[in-house]
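Read the structure below first, then the notes.
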Amino acid sequence: MDPEQVRAHWRDWASKFGTAIGATTRTRTAKMLEIDALARRMSMFGLGDAPAHVLEVGCGNGLNCFGLAAQFPRMQLDGIDYTAEMIDAAREAAVASGFQDRSRFLIGNALELSAAAGLLAQYDVVFTDRCLINIESVELQMRAITSLAARVRRGGHLIMIENSTATYDRQNHCRTLLNLPARTPAAFNLFFDETRILPHLETLGLEVEIEDFISLHDLMLYVLVPAINGGAVDYDHPLVHAATQLTLAGSPELSRAFGAFGQGRMFVCRKP
Ligand SMILES: C[S@@+](CC[C@H](N)C(=O)[O-])C[C@H]1O[C@@H](n2cnc3c(N)ncnc32)[C@H](O)[C@@H]1O
């Protein structure tokens with residue numbers, strides 16, 4: 001898919017779903033785990049009751065920002081997204097949820113952050129959630145990461161929840177062991193190639209830790225339930241909900257206890 005088709009896809013979903021979760025994902029349970037993983041990390045960074053400034057790049061209709069605002073009463077959140085319809089929805093949802101005083105939503109492109117008006121020079125945390133996989137080449141993904149890292153203050157963090165071919169391939173291997181066909185990424189996605197991305201993070205001087213917060217959930221959703229369900233992925237299967245509840249209840253230890261089989265991983269990068 002060329003970049004214009006990718007943008008059209010997100011405009012289309014934003015127009016169809018507005019402030020609803022369907023604008024950015026089909027997997028409600030994954031969204032719960034993503035917000036939980038982000039919030040746990042931010043607590044670990046000591047942001048519990050600190051007046052922290054956080055930026056989400058590719059914020060969609062703002063669900064992560066509102067999830068964090070609800071848990072961190074003094075956090076100020078900026079979200080940028082290149083889809084104007086997503087930003088309109090995020091602004092509407094900010095008012096509806098009462099977070100308009102602690103959140104701002106701006107139009108901007110991860111590849112042209114320096115041109116985005118209204119952003120702070122630096123943030124305590126900059127994060128992405130399934131944004132950079134929409135960028136069409138590894139070179140451009142790395143360029144975006146460089147500009148995101150430049151917006152992080154010293155001692156702050158860049159967090160990227162992005163899909164990775166490394167764990168996706170492992171998940172597909174499990175499917176083939178159970179006689180299920182391998183899945184393929186959506187046409188508008190380029191999953192992280194860690195053989196290129198990880199060395200790039202190193203050249204930026206970042207200290208990197210990877211957390212596989214969604215492994216159990218994705219094994220259930222994409223491997224085990226399809227294995228007993230005629231091959232179908234069932235987003236609302238009770239076992240998928242049970243896997244989500246177990247991960248949420250047991251976090252942080254349990255979230256890491258089920259290997260590295262999720263399509264998403266959380267790349268936590270500290271700027272020393
Ligand atoms: C899968 S949605 C995720 C939205 C949000 N991060 C979440 O987790 O709910 C991907 C979002 O990234 C945005 N996006 C994709 N490429 C972008 C870019 N280069 N700059 C800014 N936003 C981008 C899309 O418009 C879309 O809203």
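Letters A, B, ... mark the chains of the structure tokens in the order given; residue numbers begin at 1 per chain; ligand numbers begin at 1, in order shown.
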
Could you list, with a cut-off of 10 Å and counting only C-alpha atoms, the residues of segment 148-245 of chain A near segment 124-133 of chain A, each shown with its nearest atom pair and the distance in Å rounded to one decimal, rows sorted by chain and ascending number, as a tab-separated table?
```
residue	atom	partner	partner_atom	distance
A:Leu148	CA	A:Val126	CA	6.9
A:Ala149	CA	A:Val126	CA	7.7
A:Ala150	CA	A:Val126	CA	9.7
A:Arg151	CA	A:Val126	CA	7.2
A:Val152	CA	A:Asp124	CA	6.1
A:Arg153	CA	A:Asp124	CA	5.9
A:Arg154	CA	A:Asp124	CA	8.4
A:Gly155	CA	A:Asp124	CA	7.9
A:Gly156	CA	A:Asp124	CA	4.8
A:His157	CA	A:Val125	CA	4.8
A:Leu158	CA	A:Val126	CA	4.9
A:Ile159	CA	A:Phe127	CA	4.5
A:Met160	CA	A:Thr128	CA	4.8
A:Ile161	CA	A:Asp129	CA	4.6
A:Glu162	CA	A:Arg130	CA	4.9
A:Asn163	CA	A:Arg130	CA	6.8
A:Ser164	CA	A:Ile133	CA	8.8
A:Phe188	CA	A:Ile133	CA	8.2
A:Asn189	CA	A:Ile133	CA	5.2
A:Leu190	CA	A:Ile133	CA	4.9
A:Phe191	CA	A:Ile133	CA	5.3
A:Phe192	CA	A:Ile133	CA	6.7
```

Write a file of the just-selected residues containing N, CA, C and O atoms, as a compact mmCIF listing (two decimals), in the first residue's frame.
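And here is the file that came out, selection_23.txt:
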```
# COMPACT_ATOMS: atom_id res chain seq x y z
N LEU A 148 11.44 11.26 17.43
CA LEU A 148 10.72 11.03 18.69
C LEU A 148 11.69 11.10 19.87
O LEU A 148 11.40 11.72 20.90
N ALA A 149 12.84 10.44 19.71
CA ALA A 149 13.83 10.40 20.80
C ALA A 149 14.33 11.80 21.13
O ALA A 149 14.62 12.11 22.30
N ALA A 150 14.40 12.67 20.11
CA ALA A 150 14.87 14.04 20.35
C ALA A 150 13.89 14.82 21.23
O ALA A 150 14.27 15.82 21.85
N ARG A 151 12.65 14.38 21.29
CA ARG A 151 11.64 15.07 22.12
C ARG A 151 11.62 14.57 23.56
O ARG A 151 10.79 14.99 24.37
N VAL A 152 12.48 13.60 23.88
CA VAL A 152 12.52 13.05 25.25
C VAL A 152 13.60 13.77 26.03
O VAL A 152 14.73 13.93 25.55
N ARG A 153 13.27 14.19 27.25
CA ARG A 153 14.29 14.86 28.08
C ARG A 153 15.32 13.84 28.56
O ARG A 153 15.03 12.64 28.58
N ARG A 154 16.48 14.32 28.95
CA ARG A 154 17.48 13.41 29.53
C ARG A 154 16.91 12.74 30.78
O ARG A 154 16.28 13.42 31.60
N GLY A 155 17.09 11.44 30.89
CA GLY A 155 16.51 10.72 32.03
C GLY A 155 15.06 10.31 31.77
O GLY A 155 14.46 9.60 32.57
N GLY A 156 14.49 10.78 30.65
CA GLY A 156 13.12 10.42 30.30
C GLY A 156 13.08 9.16 29.43
O GLY A 156 14.10 8.50 29.23
N HIS A 157 11.89 8.85 28.94
CA HIS A 157 11.71 7.58 28.23
C HIS A 157 10.95 7.74 26.93
O HIS A 157 10.00 8.52 26.84
N LEU A 158 11.36 6.93 25.96
CA LEU A 158 10.59 6.70 24.74
C LEU A 158 10.03 5.28 24.85
O LEU A 158 10.80 4.33 25.08
N ILE A 159 8.71 5.15 24.76
CA ILE A 159 8.09 3.81 24.80
C ILE A 159 7.41 3.58 23.46
O ILE A 159 6.63 4.42 23.00
N MET A 160 7.68 2.44 22.86
CA MET A 160 7.02 2.11 21.59
C MET A 160 6.33 0.75 21.74
O MET A 160 7.01 -0.26 21.96
N ILE A 161 5.00 0.76 21.66
CA ILE A 161 4.28 -0.51 21.55
C ILE A 161 4.04 -0.71 20.06
O ILE A 161 3.23 0.00 19.44
N GLU A 162 4.80 -1.59 19.48
CA GLU A 162 4.72 -1.79 18.02
C GLU A 162 4.82 -3.28 17.72
O GLU A 162 5.40 -4.04 18.48
N ASN A 163 4.22 -3.67 16.61
CA ASN A 163 4.27 -5.08 16.22
C ASN A 163 5.66 -5.41 15.67
O ASN A 163 6.29 -4.58 15.02
N SER A 164 6.07 -6.66 15.93
CA SER A 164 7.42 -7.07 15.58
C SER A 164 7.38 -8.38 14.79
O SER A 164 6.66 -9.31 15.17
N PHE A 188 -1.40 -2.47 5.14
CA PHE A 188 -0.91 -1.12 5.46
C PHE A 188 0.10 -1.12 6.60
O PHE A 188 0.49 -0.06 7.09
N ASN A 189 0.54 -2.32 7.03
CA ASN A 189 1.49 -2.40 8.15
C ASN A 189 2.86 -2.93 7.71
O ASN A 189 2.94 -3.85 6.90
N LEU A 190 3.91 -2.33 8.27
CA LEU A 190 5.26 -2.89 8.17
C LEU A 190 5.74 -3.11 9.60
O LEU A 190 6.09 -2.15 10.31
N PHE A 191 5.70 -4.38 10.04
CA PHE A 191 6.09 -4.68 11.42
C PHE A 191 7.57 -4.36 11.62
O PHE A 191 8.36 -4.41 10.68
N PHE A 192 7.94 -4.07 12.87
CA PHE A 192 9.34 -3.76 13.17
C PHE A 192 10.24 -4.93 12.78
O PHE A 192 9.97 -6.09 13.11
```

Close residues to ligand 1 using only C-alpha atoms and all ligand atoms, limit 7 Å, as a PDB file with C-alpha atoms, in the first residue's frame:
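Generated output (part_1.pdb):
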```pdb
ATOM      1  CA  ARG A   7      -3.739   7.684   5.303  1.00  0.00           C
ATOM      2  CA  TRP A  10      -7.200   5.851   8.877  1.00  0.00           C
ATOM      3  CA  THR A  24      -8.112   2.200  16.020  1.00  0.00           C
ATOM      4  CA  THR A  25      -8.469  -1.512  16.824  1.00  0.00           C
ATOM      5  CA  LYS A  31      -6.413  -2.014  24.186  1.00  0.00           C
ATOM      6  CA  VAL A  57       2.560  10.221  18.615  1.00  0.00           C
ATOM      7  CA  GLY A  58      -0.152   8.644  16.452  1.00  0.00           C
ATOM      8  CA  CYS A  59      -2.724   9.033  19.222  1.00  0.00           C
ATOM      9  CA  GLY A  60      -5.800   8.171  17.124  1.00  0.00           C
ATOM     10  CA  ASN A  61      -8.972   9.193  18.936  1.00  0.00           C
ATOM     11  CA  GLY A  62      -7.105   9.504  22.247  1.00  0.00           C
ATOM     12  CA  LEU A  63      -8.045   6.337  24.155  1.00  0.00           C
ATOM     13  CA  ASN A  64      -4.553   5.787  25.568  1.00  0.00           C
ATOM     14  CA  ILE A  80      -0.617  14.188  17.801  1.00  0.00           C
ATOM     15  CA  ASP A  81      -1.894  12.315  14.780  1.00  0.00           C
ATOM     16  CA  TYR A  82      -1.710  12.979  11.046  1.00  0.00           C
ATOM     17  CA  THR A  83      -5.399  12.129  10.573  1.00  0.00           C
ATOM     18  CA  MET A  86      -8.887  11.289  14.562  1.00  0.00           C
ATOM     19  CA  GLY A 108       1.085  16.301  13.179  1.00  0.00           C
ATOM     20  CA  ASN A 109       3.152  13.679  11.394  1.00  0.00           C
ATOM     21  CA  ALA A 110       5.663  11.404  13.154  1.00  0.00           C
ATOM     22  CA  LEU A 111       7.958  12.017  10.187  1.00  0.00           C
ATOM     23  CA  THR A 128       3.647   5.309  20.319  1.00  0.00           C
ATOM     24  CA  ASP A 129       1.096   2.517  20.106  1.00  0.00           C
ATOM     25  CA  ARG A 130       0.809   0.800  16.707  1.00  0.00           C
ATOM     26  CA  CYS A 131       1.742   4.012  14.899  1.00  0.00           C
ATOM     27  CA  LEU A 132       5.217   3.460  13.471  1.00  0.00           C
ATOM     28  CA  ASN A 134       2.132   2.399   9.401  1.00  0.00           C
ATOM     29  CA  ILE A 135       5.326   3.944   8.002  1.00  0.00           C
TER      30      ILE A 135
END
```

Original post:
Which residue gives the smallest distance to Ala166 of chain A among A:Gln263, A:Ile145, A:Ile214, A:Ile228, with only C-alpha atoms counted?
Top reply: A:Gln263

Original post:
With distances taken over only C-alpha atoms, which of A:Leu140, A:Ala227, A:Met44, A:Val208 is nearest to Asn179 of chain A?
Top reply: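 The answer is A:Ala227, which sits nearest to Asn179 of chain A.
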
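For segment 93-97 of chain A, the set of protein, DNA and RNA residues having any atom at most 10 Å away, when counting only C-alpha atoms and skipping those fewer than 4 positions along the same chain, is Gly18, Thr19, Ala20, Asn61, Gly62, Leu63, Cys65, Phe66, Ala70, Ile87, Asp88, Ala89, Asp101, Arg102, Ser103, Arg104 and Phe105 of chain A.
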
**OP:** Apply DSSP to the structure's backbone, then extract all residues of segment 21-97 of chain A labelled strand (DSSP E or B) and return them as number ranges by chain.
**Re:** A: 53-57, 76-81

Which neighbours of Asp212 of chain A fall inside 7 Å, counting only C-alpha atoms, when residues of the same chain fewer than 5 positions from it are skipped, and could you give them as a JSON list (two decimals) with all heavy atoms, in the first residue's frame?
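File written: part.json
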```json
[["chain", "number", "residue", "atom", "x", "y", "z"],
["A", 256, "ARG", "N", 4.78, -11.03, 31.91],
["A", 256, "ARG", "CA", 6.01, -11.44, 31.23],
["A", 256, "ARG", "C", 6.23, -12.95, 31.26],
["A", 256, "ARG", "O", 7.21, -13.45, 30.73],
["A", 256, "ARG", "CB", 7.23, -10.83, 31.91],
["A", 256, "ARG", "CG", 7.19, -9.36, 32.07],
["A", 256, "ARG", "CD", 8.15, -8.99, 33.19],
["A", 256, "ARG", "NE", 7.91, -7.63, 33.63],
["A", 256, "ARG", "CZ", 8.82, -6.69, 33.57],
["A", 256, "ARG", "NH1", 10.01, -6.93, 33.12],
["A", 256, "ARG", "NH2", 8.55, -5.49, 33.99],
["A", 260, "ALA", "N", 7.36, -14.90, 24.43],
["A", 260, "ALA", "CA", 7.36, -13.78, 23.49],
["A", 260, "ALA", "C", 6.65, -14.21, 22.21],
["A", 260, "ALA", "O", 7.28, -14.51, 21.20],
["A", 260, "ALA", "CB", 8.80, -13.35, 23.22],
["A", 262, "GLY", "N", 3.49, -12.48, 21.28],
["A", 262, "GLY", "CA", 2.49, -11.46, 20.91],
["A", 262, "GLY", "C", 2.85, -10.83, 19.58],
["A", 262, "GLY", "O", 4.01, -10.84, 19.18],
["A", 265, "ARG", "N", 4.99, -5.77, 20.96],
["A", 265, "ARG", "CA", 5.94, -5.79, 22.06],
["A", 265, "ARG", "C", 6.07, -4.35, 22.56],
["A", 265, "ARG", "O", 5.81, -3.42, 21.80],
["A", 265, "ARG", "CB", 7.34, -6.25, 21.63],
["A", 265, "ARG", "CG", 7.37, -7.51, 20.82],
["A", 265, "ARG", "CD", 8.80, -7.98, 20.57],
["A", 265, "ARG", "NE", 9.26, -8.88, 21.63],
["A", 265, "ARG", "CZ", 10.47, -9.42, 21.67],
["A", 265, "ARG", "NH1", 11.38, -9.10, 20.76],
["A", 265, "ARG", "NH2", 10.82, -10.24, 22.64],
["A", 266, "MET", "N", 6.49, -4.22, 23.80],
["A", 266, "MET", "CA", 6.71, -2.86, 24.30],
["A", 266, "MET", "C", 8.22, -2.62, 24.41],
["A", 266, "MET", "O", 8.92, -3.28, 25.19],
["A", 266, "MET", "CB", 6.03, -2.67, 25.66],
["A", 266, "MET", "CG", 6.19, -1.26, 26.20],
["A", 266, "MET", "SD", 4.98, -0.85, 27.48],
["A", 266, "MET", "CE", 5.59, -1.83, 28.84]]
```

**OP:** Give me, please, the distance in Å between atom CA of Phe45 of chain A and atom CA of Gly79 of chain A, quoted to one decimal.
**Re:** 19.9 Å

Subject >> Neighbour list for Arg40 of chain A as an MDAnalysis selection string, cut-off 12 Å, only C-alpha atoms, skip fewer than 2 positions in-chain >> reply: chainID A and resid 33:38 42:48 67:68 71:72 211 213 248 250:253 255 266 268

Original post:
Out of segment 31-184 of chain A, which residues get helix (DSSP H, G or I) from DSSP, as a VMD selection string?
Top reply: chain A and resid 31 to 44 63 to 71 84 to 97 110 to 115 132 to 134 138 to 150 165 to 177

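In this model, the gap between atom CA of Arg175 of chain A and atom CA of Asp234 of chain A comes to 15.0 Å.
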
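Distances from A:Leu119, A:Leu219, A:Ala8, A:Ala232 to Asn172 of chain A were compared using only C-alpha atoms, and the smallest one belongs to A:Leu219.
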